[in-house]
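Raw contents of final_25.txt, compact mmCIF, C-alpha atoms:
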# COMPACT_ATOMS: atom_id res chain seq x y z
CA MET U 1 -23.78 11.19 0.33
CA GLU U 2 -20.18 12.34 -0.06
CA LYS U 3 -17.17 11.55 2.09
CA THR U 4 -13.61 12.75 1.75
CA GLY U 5 -10.16 11.85 3.04
CA ILE U 6 -9.77 8.84 5.30
CA ALA U 7 -13.58 8.40 5.46
CA VAL U 8 -13.55 6.94 1.92
CA TRP U 9 -12.67 3.63 3.62
CA ASP U 10 -16.06 3.46 5.40
CA GLN U 11 -18.65 0.87 4.38
CA VAL U 12 -21.02 1.94 1.61
CA LEU U 13 -24.56 0.73 0.93
CA VAL U 14 -25.18 0.84 -2.81
CA PRO U 15 -28.95 0.90 -3.45
CA GLN U 16 -30.56 -0.22 -6.70
CA GLY U 17 -30.50 2.59 -9.23
CA LYS U 18 -27.39 4.17 -7.71
CA CYS U 19 -23.66 3.88 -8.41
CA ALA U 20 -20.90 4.29 -5.84
CA ALA U 21 -17.86 6.24 -7.04
CA TRP U 22 -14.45 6.46 -5.38
CA ARG U 23 -12.09 9.09 -6.81
CA PHE U 24 -8.40 9.06 -5.96
CA PRO U 25 -5.60 11.23 -7.43
CA HIS U 26 -4.72 8.69 -10.14
CA ARG U 27 -7.71 6.33 -10.32
CA SER U 28 -11.48 6.25 -10.11
CA ILE U 29 -13.56 3.20 -9.19
CA TRP U 30 -17.27 2.75 -9.90
CA VAL U 31 -19.54 0.08 -8.41
CA GLU U 32 -23.23 -0.69 -8.94
CA ARG U 33 -25.58 -3.50 -7.92
CA ILE U 34 -28.02 -4.95 -10.49
CA GLU U 35 -30.10 -7.88 -9.22
CA SER U 36 -27.53 -10.51 -8.08
CA GLU U 37 -24.55 -8.94 -9.90
CA TRP U 38 -21.91 -6.44 -8.87
CA HIS U 39 -20.65 -4.29 -11.74
CA VAL U 40 -17.22 -2.71 -11.27
CA LEU U 41 -15.20 -0.26 -13.36
CA SER U 42 -11.65 0.89 -12.56
CA GLN U 43 -9.91 3.45 -14.71
CA ARG U 44 -6.88 5.70 -14.57
CA GLU U 45 -7.61 9.38 -14.21
CA THR U 46 -5.89 12.74 -14.46
CA GLY U 47 -7.02 16.04 -13.09
CA ILE U 48 -8.82 14.57 -10.08
CA PRO U 49 -8.44 16.58 -6.83
CA ALA U 50 -5.68 15.38 -4.49
CA VAL U 51 -8.18 14.58 -1.72
CA ALA U 52 -9.93 11.23 -2.09
CA VAL U 53 -13.72 11.40 -2.44
CA THR U 54 -16.50 8.83 -2.42
CA SER U 55 -20.12 9.50 -3.34
CA LEU U 56 -23.36 7.93 -4.59
CA VAL U 57 -24.52 9.08 -8.01
CA ARG U 58 -27.34 8.22 -10.38
CA ARG U 59 -26.66 5.31 -12.72
CA SER U 60 -27.08 7.68 -15.64
CA GLN U 61 -23.89 9.45 -14.48
CA LYS U 62 -21.67 6.38 -14.63
CA PRO U 63 -18.96 6.24 -17.35
CA ARG U 64 -19.71 4.48 -20.60
CA SER U 65 -17.01 1.87 -21.05
CA SER U 66 -16.47 -1.68 -22.30
CA ALA U 67 -14.14 -2.32 -19.32
CA TRP U 68 -16.92 -2.92 -16.78
CA ARG U 69 -16.42 -6.21 -14.92
CA HIS U 70 -19.31 -8.28 -13.58
CA TYR U 71 -19.29 -10.42 -10.44
CA LEU U 72 -22.13 -12.76 -9.53
CA HIS U 73 -22.61 -12.78 -5.75
CA ARG U 74 -25.83 -13.02 -3.78
CA GLU U 75 -24.82 -10.81 -0.87
CA SER U 76 -26.54 -7.46 -1.39
CA GLY U 77 -25.58 -5.61 1.80
CA PRO U 78 -23.01 -2.85 2.15
CA VAL U 79 -19.64 -3.19 0.44
CA GLN U 80 -16.41 -2.69 2.34
CA PRO U 81 -13.56 -0.82 0.65
CA SER U 82 -10.19 -1.52 2.27
CA PRO U 83 -6.65 -0.30 1.69
CA VAL U 84 -4.10 -3.11 1.30
CA LEU U 85 -0.41 -3.06 0.51
CA PRO U 86 0.93 -4.47 -2.79
CA ASP U 87 1.17 -8.21 -3.37
CA ARG U 88 4.94 -8.21 -4.04
CA PRO U 89 7.97 -6.66 -2.36
CA LEU U 90 8.34 -2.96 -3.04
CA VAL U 91 11.72 -1.56 -4.09
CA VAL U 92 11.86 2.02 -2.87
CA ARG U 93 14.34 4.23 -4.71
CA PRO U 94 15.05 7.25 -2.49
CA ASP U 95 15.48 10.71 -3.94
CA ARG U 96 19.15 10.56 -2.91
CA ALA U 97 21.81 7.89 -2.28
CA LEU U 98 22.47 7.59 1.44
CA THR U 99 25.34 6.41 3.62
CA LEU U 100 24.80 5.66 7.31
CA MET U 101 28.08 5.98 9.19
CA PRO U 102 29.26 3.35 11.72
CA GLY U 103 27.62 3.66 15.14
CA GLN U 104 24.84 5.89 13.83
CA SER U 105 21.08 5.33 13.69
CA THR U 106 18.25 7.11 11.93
CA ILE U 107 14.54 6.89 11.33
CA PHE U 108 12.77 7.49 8.06
CA PHE U 109 9.08 7.78 7.29
CA LEU U 110 8.33 6.06 3.99
CA GLU U 111 5.23 6.67 1.88
CA LEU U 112 3.86 3.34 0.64
CA PRO U 113 1.16 3.25 -2.05
CA VAL U 114 -1.92 1.20 -1.19
CA TRP U 115 -4.25 -0.88 -3.33
CA PHE U 116 -8.04 -0.67 -3.31
CA ARG U 117 -9.79 -3.87 -2.20
CA LEU U 118 -13.57 -4.19 -2.38
CA SER U 119 -15.36 -6.88 -0.37
CA THR U 120 -18.97 -7.83 0.17
CA THR U 121 -20.31 -8.07 3.71
CA GLY U 122 -22.96 -10.29 5.25
CA TYR U 123 -23.21 -14.01 5.88
CA ARG U 124 -20.64 -15.01 3.24
CA PRO U 125 -18.32 -12.05 2.61
CA ALA U 126 -16.02 -12.24 -0.38
CA VAL U 127 -13.32 -10.11 -2.00
CA LEU U 128 -14.64 -8.87 -5.34
CA PHE U 129 -11.42 -7.32 -6.66
CA GLU U 130 -8.20 -5.43 -5.91
CA GLU U 131 -6.68 -2.58 -7.88
CA PRO U 132 -3.49 -0.48 -7.47
CA LEU U 133 -4.22 3.18 -6.83
CA SER U 134 -0.78 4.36 -8.00
CA VAL U 135 1.27 3.55 -11.08
CA LEU U 136 3.98 1.06 -10.13
CA THR U 137 6.77 -0.29 -12.31
CA ARG U 138 8.04 -3.88 -12.38
CA THR U 139 11.65 -4.30 -11.31
CA TRP U 140 14.15 -6.94 -10.22
CA PHE U 141 15.98 -6.80 -6.89
CA GLY U 142 19.14 -8.78 -6.21
CA ASP U 143 21.42 -10.83 -8.42
CA PRO U 144 20.13 -12.70 -11.50
CA VAL U 145 19.98 -16.05 -9.66
CA ASN U 146 18.74 -15.22 -6.17
CA GLY U 147 16.81 -12.03 -6.82
CA GLU U 148 13.06 -11.55 -6.93
CA LEU U 149 10.43 -9.76 -9.00
CA CYS U 150 9.20 -6.63 -7.24
CA TRP U 151 7.26 -3.45 -7.72
CA GLY U 152 9.34 -0.28 -8.04
CA LEU U 153 8.67 3.17 -6.62
CA ALA U 154 10.66 6.40 -6.57
CA THR U 155 9.94 8.37 -3.42
CA ARG U 156 11.31 10.72 -0.81
CA LEU U 157 12.66 9.60 2.55
CA HIS U 158 11.22 11.83 5.28
CA HIS U 159 13.10 12.46 8.52
CA ALA U 160 10.04 13.94 10.25
CA MET U 161 6.26 13.64 9.93
CA ASP U 162 5.73 17.35 9.35
CA SER U 163 6.84 16.91 5.73
CA VAL U 164 4.45 13.99 5.06
CA ASP U 165 1.08 14.98 3.63
CA SER U 166 -2.10 13.28 4.82
CA SER U 167 -3.53 10.94 2.22
CA ALA U 168 -6.12 8.16 1.98
CA SER U 169 -4.09 6.35 -0.70
CA ILE U 170 -0.67 6.40 1.02
CA ALA U 171 0.42 4.53 4.15
CA VAL U 172 3.26 5.85 6.30
CA CYS U 173 5.85 3.24 7.30
CA PRO U 174 8.36 4.19 10.05
CA LEU U 175 11.74 2.60 9.31
CA MET U 176 14.49 2.70 11.97
CA ILE U 177 18.00 1.70 10.90
CA GLU U 178 21.01 1.19 13.19
CA ASN U 179 24.53 0.70 11.84
CA ASP U 180 26.07 -1.48 14.54
CA SER U 181 29.23 -2.20 12.54
CA ASP U 182 32.59 -0.62 11.76
CA THR U 183 31.76 -0.13 8.06
CA ASP U 184 29.61 2.35 6.18
CA LEU U 185 26.10 1.28 5.23
CA ALA U 186 25.68 2.77 1.77
CA PHE U 187 22.49 2.07 -0.14
CA GLU U 188 20.55 3.50 -3.03
CA LYS U 189 17.39 1.37 -2.84
CA VAL U 190 15.39 -0.41 -0.17
CA CYS U 191 13.44 -3.62 -0.76
CA LEU U 192 10.49 -3.86 1.62
CA HIS U 193 8.37 -6.98 1.86
CA VAL U 194 5.18 -4.97 2.18
CA GLU U 195 3.07 -8.10 1.75
CA ASN U 196 4.10 -8.86 5.36
CA LEU U 197 2.79 -5.56 6.77
CA SER U 198 -0.62 -4.68 8.20
CA LEU U 199 -2.35 -1.30 7.95
CA PHE U 200 -3.84 0.93 10.63
CA ARG U 201 -6.31 3.80 10.33
CA GLY U 202 -5.62 7.10 12.00
CA ALA U 203 -7.50 10.39 12.18
CA ASP U 204 -6.50 11.50 8.69
CA ARG U 205 -3.91 9.03 7.37
CA LEU U 206 -2.98 5.35 7.09
CA TRP U 207 -0.05 3.72 8.88
CA ALA U 208 1.87 0.50 8.26
CA ASN U 209 3.82 -1.51 10.82
CA SER U 210 7.08 0.04 12.01
CA LEU U 211 10.29 -1.68 10.88
CA HIS U 212 13.52 -1.95 12.87
CA ALA U 213 16.81 -2.99 11.27
CA VAL U 214 20.25 -3.42 12.86
CA PHE U 215 23.15 -3.68 10.40
CA LYS U 216 26.12 -5.66 11.78
CA GLY U 217 28.27 -5.83 8.67
CA PRO U 218 27.94 -6.93 5.03
CA ASP U 219 28.99 -10.53 5.80
CA GLN U 220 26.62 -11.12 8.71
CA ALA U 221 23.03 -12.28 8.41
CA THR U 222 21.00 -9.58 10.12
CA GLN U 223 17.23 -9.47 10.27
CA ILE U 224 14.82 -6.62 9.80
CA GLU U 225 12.12 -6.86 12.47
CA ILE U 226 8.45 -6.04 12.03
CA VAL U 227 6.88 -4.30 15.02
CA HIS U 228 3.41 -5.83 14.97
CA GLU U 229 1.76 -3.30 17.26
CA ALA U 230 0.33 -0.07 15.88
CA PRO U 231 3.00 2.62 15.37
CA GLY U 232 3.36 4.91 18.36
CA PHE U 233 3.40 8.15 16.40
CA GLU U 234 -0.38 8.70 16.61
CA ASP U 235 -2.86 7.81 19.34
CA GLY U 236 -6.06 5.89 18.68
CA LEU U 237 -4.89 3.87 15.67
CA ARG U 238 -7.05 0.87 14.82
CA PRO U 239 -6.41 -2.02 12.42
CA ILE U 240 -7.95 -1.65 8.98
CA SER U 241 -6.37 -4.52 7.00
CA GLU U 242 -4.28 -7.57 7.80
CA ALA U 243 -0.94 -8.47 6.23
CA ARG U 244 -1.16 -10.80 3.23
CA GLN U 245 1.48 -12.99 4.90
CA HIS U 246 2.39 -12.97 8.57
CA VAL U 247 6.12 -13.26 9.38
CA ALA U 248 8.40 -11.88 12.08
CA GLY U 249 10.88 -10.32 9.64
CA TRP U 250 13.11 -11.06 6.67
CA ASN U 251 16.77 -11.28 5.69
CA PHE U 252 18.47 -7.89 5.90
CA ARG U 253 20.98 -8.47 3.10
CA ARG U 254 18.10 -8.69 0.64
CA THR U 255 16.55 -5.50 1.97
CA PHE U 256 19.12 -2.89 0.99
CA GLY U 257 20.72 -2.42 -2.41
CA MET U 258 24.21 -1.58 -1.27
CA LEU U 259 26.35 0.52 -3.52
CA LYS U 260 29.43 -1.60 -2.73
CA SER U 261 27.75 -4.96 -3.30
CA PHE U 262 25.33 -4.26 -6.12
CA ALA U 263 26.93 -1.45 -8.09
CA ASP U 264 27.01 -3.52 -11.29
CA ILE U 265 23.42 -4.81 -11.14

Have the structure of the file written as structure tokens, please.
Amino acid sequence: MEKTGIAVWDQVLVPQGKCAAWRFPHRSIWVERIESEWHVLSQRETGIPAVAVTSLVRRSQKPRSSAWRHYLHRESGPVQPSPVLPDRPLVVRPDRALTLMPGQSTIFFLELPVWFRLSTTGYRPAVLFEEPLSVLTRTWFGDPVNGELCWGLATRLHHAMDSVDSSASIAVCPLMIENDSDTDLAFEKVCLHVENLSLFRGADRLWANSLHAVFKGPDQATQIEIVHEAPGFEDGLRPISEARQHVAGWNFRRTFGMLKSFADI
């Protein structure tokens, strides 16, 4: 059995004597079942093909490592791999500093890295573990008193989907921004509370909820709204994982790192 691309998120039955392997561009994950225990190994990789792959291999082919983790759980049915977004806000540093002029609006497509969650199925399902699939840095967003600890990511802001590659380890998040003020909206980083976003599965990619922000000036409390329906950029999307926390939106002034306000931070 071997599956590639978005199909790596299908359920997998791991029989005795076999080991399930998921291979992503920067990480491989190995799972086996021995009696009432689940054995799990997650390790960083280099040189793995860009397309995600899952397969069943003989136990003799599994890596030799002291980093195997062992989980005691009686459920022996299929396991369910799921993509989930990180557990903290994500500070996205675009490849260029941007200024949105007064009265203008734009839409960006952001690439958000997902984590790998493995759950048992059956009468009493349980989450065995979660693991980031991409290397993220720890960073601080905001001032020293009212800021928050986040994950950091340098990425490109896409204006159209034709420049976004399909990937099983990246979720596309549509972000619409309107500058409904008489001042420039200049920012060099975007803080997204990705723990509030759900994921949807498409034909060959993952999607996150769309976001809609209206900027009314640096001194006004504006909200960024989460569109809880599936994004309308692909037909046939279906939910694949729920948000860690369900909210309607969050405070806009803690979403953008504005060059005027935070230049010395």

Can you pull out every residue within 9 Å of Thr4 in chain U, counting only C-alpha atoms, but drop anything in the same chain fewer than 3 positions away, and send it as a list in words?
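Those residues are Ala7, Val8, Val51, Ala52, Val53, Thr54, Ser55 and Ala168 of chain U.
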
One decimal, in Å: what's the spacing between CA of Cys19 in chain U and CA of Arg33 in chain U?
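A separation of 7.6 Å between them.
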
Excluding Phe215 in chain U and any residue of its chain fewer than 4 positions from it, enumerate the residues within 7 Å of it, using all atoms listed in the file, and give them as a PDB file with C-alpha atoms, in the frame of the given file.
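Final output, out.pdb:
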ATOM      1  CA  GLU U 178      21.010   1.190  13.190  1.00  0.00           C
ATOM      2  CA  ASN U 179      24.530   0.700  11.840  1.00  0.00           C
ATOM      3  CA  ASP U 180      26.070  -1.480  14.540  1.00  0.00           C
ATOM      4  CA  SER U 181      29.230  -2.200  12.540  1.00  0.00           C
ATOM      5  CA  THR U 222      21.000  -9.580  10.120  1.00  0.00           C
TER       6      THR U 222
END

Skipping near chain neighbours, those fewer than 4 positions away, what residues fall within 12 Å of Glu130 in chain U using all atoms listed in the file, listed as a VMD selection string?
chain U and resid 29 40 to 42 80 to 87 114 to 119 126

Select, from U:Val247, U:Leu128, U:Leu157, U:Ala97, the residue with the minimum atom-to-atom distance to Glu195 in chain U, counting all atoms listed in the file.
U:Val247

Which of these, U:His26, U:Phe187, U:Ser166, U:Leu112, has the shortest distance to Ala208 in chain U once you count all atoms listed in the file?
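Nearest to Ala208 in chain U: U:Leu112.
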
Centre and edge lengths of an axis-aligned box around all listed atoms of range 79-83 of chain U, with 4 Å added on each side, are to be given in Å to one decimal, as JSON.
{"center_x": -13.1, "center_y": -1.7, "center_z": 1.4, "size_x": 21.0, "size_y": 10.9, "size_z": 9.9}

Between CA of Arg93 in chain U and CA of Ser163 in chain U, what is the distance in Å, rounded to a tenth?
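Rounded to one decimal, the two atoms are 18.1 Å apart.
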
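Minimum atom-to-atom distances from U:Asn196, U:Ser169, U:Pro94, U:Phe109 to Trp22 in chain U were compared using only C-alpha atoms, and the lowest value belongs to U:Ser169.
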
I'd like the neighbourhood of Pro25 in chain U as number ranges by chain, where a residue qualifies if any of its atoms comes within 12 Å (using all atoms listed in the file), though same-chain residues fewer than 2 positions away should be ignored.
U: 5, 22-23, 27-29, 43-53, 113, 132-135, 167-170

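Using all atoms listed in the file, the smallest distance between any of U:Ser241, U:Thr106, U:Ser65, U:Ser60 and Gly17 in chain U comes from U:Ser60.
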
Taking 3 positions as the minimum chain separation for residues in the same chain, which residues sit within 9 Å of Trp140 in chain U when counting only C-alpha atoms? Answer as an NGL selection string.
:U and (91 or 143-144 or 147-152)

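Put simply, CA of Glu35 in chain U is 11.2 Å away from CA of Tyr71 in chain U.
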
Counting all atoms listed in the file, the option among U:Lys18, U:Val92, U:Leu206, U:Ile34 closest to Gln61 in chain U:
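So, comparing all the options, the nearest one is U:Lys18.
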
Residue list as a ChimeraX atom specification for point (-21.4, 0.1, -14.4), cut-off 8 Å, all atoms listed in the file:
/U:19,30-32,39-41,59,62-64,68

Choose the residue, out of U:Tyr123, U:Arg156, U:Lys189, U:Glu111, that has the smallest atom-to-atom separation from Thr139 in chain U; count all atoms listed in the file.
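Checking each candidate against Thr139 in chain U, we get U:Lys189 as the closest.
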